[in-house]
Amino acid sequence: MPAKRKDGANARTAVRRVSRAEANPERPKLAPVEARPPVPLPSDDPSIFALGLEELADHWEVAMKSAPIGAEAMRGADKRAQAQGVLSTMLMENAGCAVAAAVKALAVKTGRWGKGPILILCGPGNNGGDGFVAARYLSRQGARVAVVLVAGDERPATKDGVRNWDRLESEDHVERIHTAVSRDVIILAQGVEKAAVVVDALLGTGVEGPLRDPIRSAVDLIVKARGAGVPILSVDGPTAVDLTSGDLSDPVVRAHVTVTFHRPKLGLLTRRGALVAGRVLVAPIGIPQEADRG
């Protein structure tokens, strides 16, 4: 009797196995999921200058979908990357190149590419340095560029900023302008409606307290340009927005597009930050994962 039970159990098992196989005789085998190939960094990726805004967002999907980060954590990641051997010049090069691609895409989308100069307002720090790099790439795309150092001193305040400001001297189609006081900015604002795009590269993650002139007057110029229908693009974040809390100073830049770097910024995801940031793109700039603990 035990032997019959054993044979009977095996027979029932065999029947069940046959029945499952016969139930789905044409069931296809799942193909292995292929990982998306890594996207080149902006300065190694000339294809980005042929992409529109939505295509850039898709191209930089990994950065776009990464976890958000605050201003202090972002500064830490930047410093750790440099300590691990990533050159600060290359971080700025990638940031400025990404900005230039987005500026071109915005100008093309609004029908203003080639219809007037690109006006880039740059502060004395590394946010301004990103703007200087963007001016170089835009010039090489054939745009006329007016790049403005908005600062009391005649030279940028950082080594990388100085390097990229000086490189513009030999660039075709680039006019360098220095506005040391608010009166200079007010003069510059005359005819700003003729600009194809105005780029806000005044202040990045380092905004603290009320804005002072000539930066404040430059923000007023951007407000005037937007009121005249000129598209506005901000670098890293609109000037006078706290990239951690989303708190706003007055006046504040209201951008149509913001290009931020490495990871989305917490402050731009808040209700107030999102209202002034416009369409946000997140571009990779070469900060390795090992440097990113934020």
# chains A, B, ... in the order shown; residues from 1 in each chain; ligands from 1

call {"tool": "residues_around", "arguments": {"residues": "Ala57 (chain A)", "least_positions_apart": "5", "cutoff": "10 Å", "atoms": "only C-alpha atoms", "output": "list in words"}}
result
Leu51, Gly52, Val62, Ala63, Met64, Lys65, Ala102, Arg279, Val280, Leu281, Val282 and Ala283 of chain A

call {"tool": "residues_around", "arguments": {"residues": "region 168-174 of chain A", "least_positions_apart": "5", "cutoff": "8 Å", "atoms": "only C-alpha atoms", "output": "ChimeraX atom specification"}}
result
/A:132,135-136,139-140,142-147

call {"tool": "write_last_selection", "arguments": {"atoms": "N, CA and C atoms", "output": "short mmCIF file (atom, residue, chain, number, x, y, z; two decimals), in the first residue's frame"}}
result
data_model
loop_
_atom_site.label_atom_id
_atom_site.label_comp_id
_atom_site.auth_asym_id
_atom_site.auth_seq_id
_atom_site.Cartn_x
_atom_site.Cartn_y
_atom_site.Cartn_z
N PHE A 132 30.20 82.59 -18.05
CA PHE A 132 31.29 82.88 -18.99
C PHE A 132 31.51 81.69 -19.93
N ALA A 135 28.83 81.53 -22.48
CA ALA A 135 29.03 82.52 -23.54
C ALA A 135 29.97 82.00 -24.61
N ARG A 136 31.01 81.31 -24.20
CA ARG A 136 31.98 80.77 -25.16
C ARG A 136 31.31 79.74 -26.07
N SER A 139 28.83 81.42 -28.47
CA SER A 139 29.55 82.09 -29.55
C SER A 139 29.94 81.10 -30.64
N ARG A 140 30.38 79.93 -30.24
CA ARG A 140 30.81 78.92 -31.21
C ARG A 140 29.63 78.26 -31.92
N GLY A 142 27.43 80.26 -33.08
CA GLY A 142 27.07 81.32 -34.01
C GLY A 142 26.25 82.46 -33.43
N ALA A 143 26.00 82.42 -32.11
CA ALA A 143 25.19 83.47 -31.49
C ALA A 143 26.04 84.70 -31.20
N ARG A 144 25.39 85.87 -31.22
CA ARG A 144 26.01 87.08 -30.69
C ARG A 144 25.72 87.12 -29.20
N VAL A 145 26.77 87.38 -28.40
CA VAL A 145 26.64 87.29 -26.95
C VAL A 145 27.19 88.57 -26.31
N ALA A 146 26.41 89.13 -25.40
CA ALA A 146 26.89 90.20 -24.53
C ALA A 146 26.98 89.61 -23.12
N VAL A 147 28.19 89.49 -22.61
CA VAL A 147 28.38 88.89 -21.29
C VAL A 147 28.82 90.00 -20.33
#

call {"tool": "residues_around", "arguments": {"residues": "region 109-126 of chain A", "least_positions_apart": "4", "cutoff": "9 Å", "atoms": "only C-alpha atoms", "output": "number ranges by chain"}}
result
A: 52-53, 92, 103-105, 130-132, 134-135, 138, 142-153, 155-161, 192, 194-204, 215, 218, 222, 231

call {"tool": "residues_around", "arguments": {"residues": "Ala67 (chain A)", "least_positions_apart": "3", "cutoff": "12 Å", "atoms": "only C-alpha atoms", "output": "short mmCIF file (atom, residue, chain, number, x, y, z; two decimals) with C-alpha atoms, in the first residue's frame"}}
result
data_model
loop_
_atom_site.label_atom_id
_atom_site.label_comp_id
_atom_site.auth_asym_id
_atom_site.auth_seq_id
_atom_site.Cartn_x
_atom_site.Cartn_y
_atom_site.Cartn_z
CA VAL A 62 19.42 59.94 -14.72
CA ALA A 63 20.26 63.33 -13.21
CA MET A 64 16.67 64.54 -13.59
CA GLY A 70 20.10 71.08 -0.56
CA MET A 74 25.69 70.28 -2.88
CA HIS A 262 24.08 67.13 -10.55
CA ARG A 263 20.80 66.63 -8.66
CA PRO A 264 17.46 68.46 -8.32
CA LYS A 265 17.55 71.17 -5.66
CA LEU A 266 15.19 70.96 -2.71
CA LEU A 269 10.70 71.69 -5.51
CA VAL A 282 19.14 68.88 -14.22
CA ASP A 292 27.95 62.33 -3.12
CA ARG A 293 26.87 61.66 0.46
CA GLY A 294 24.25 64.39 0.67
#

call {"tool": "select_by_dssp", "arguments": {"residues": "region 26-182 of chain A", "states": "strand (DSSP E or B)", "output": "ChimeraX atom specification"}}
result
/A:69,118-122,145-150,174-179

call {"tool": "closest_residue", "arguments": {"among": "A:Asp250, A:Glu193, A:Glu93, A:Glu54", "to": "Gly227 (chain A)", "atoms": "only C-alpha atoms"}}
result
A:Glu193

call {"tool": "closest_residue", "arguments": {"among": "A:Ile187, A:Val86, A:Ile285, A:Val99", "to": "Ser217 (chain A)", "atoms": "only C-alpha atoms"}}
result
A:Ile187

call {"tool": "closest_residue", "arguments": {"among": "A:Ala291, A:Leu243, A:Ala228, A:Leu87", "to": "Leu268 (chain A)", "atoms": "only C-alpha atoms"}}
result
A:Leu243

call {"tool": "closest_residue", "arguments": {"among": "A:Cys97, A:Ala277, A:Val253, A:Ile287", "to": "Ala77 (chain A)", "atoms": "only C-alpha atoms"}}
result
A:Ile287

call {"tool": "closest_residue", "arguments": {"among": "A:Leu188, A:Leu106, A:Val223, A:Val230", "to": "Arg254 (chain A)", "atoms": "only C-alpha atoms"}}
result
A:Val223

call {"tool": "select_by_dssp", "arguments": {"residues": "region 33-108 of chain A", "states": "helix (DSSP H, G or I)", "output": "ChimeraX atom specification"}}
result
/A:42-44,46-50,53-59,61-64,71-83,88-108

call {"tool": "closest_residue", "arguments": {"among": "A:Pro210, A:Gly237, A:Gly273, A:Gly278", "to": "Ser249 (chain A)", "atoms": "only C-alpha atoms"}}
result
A:Pro210
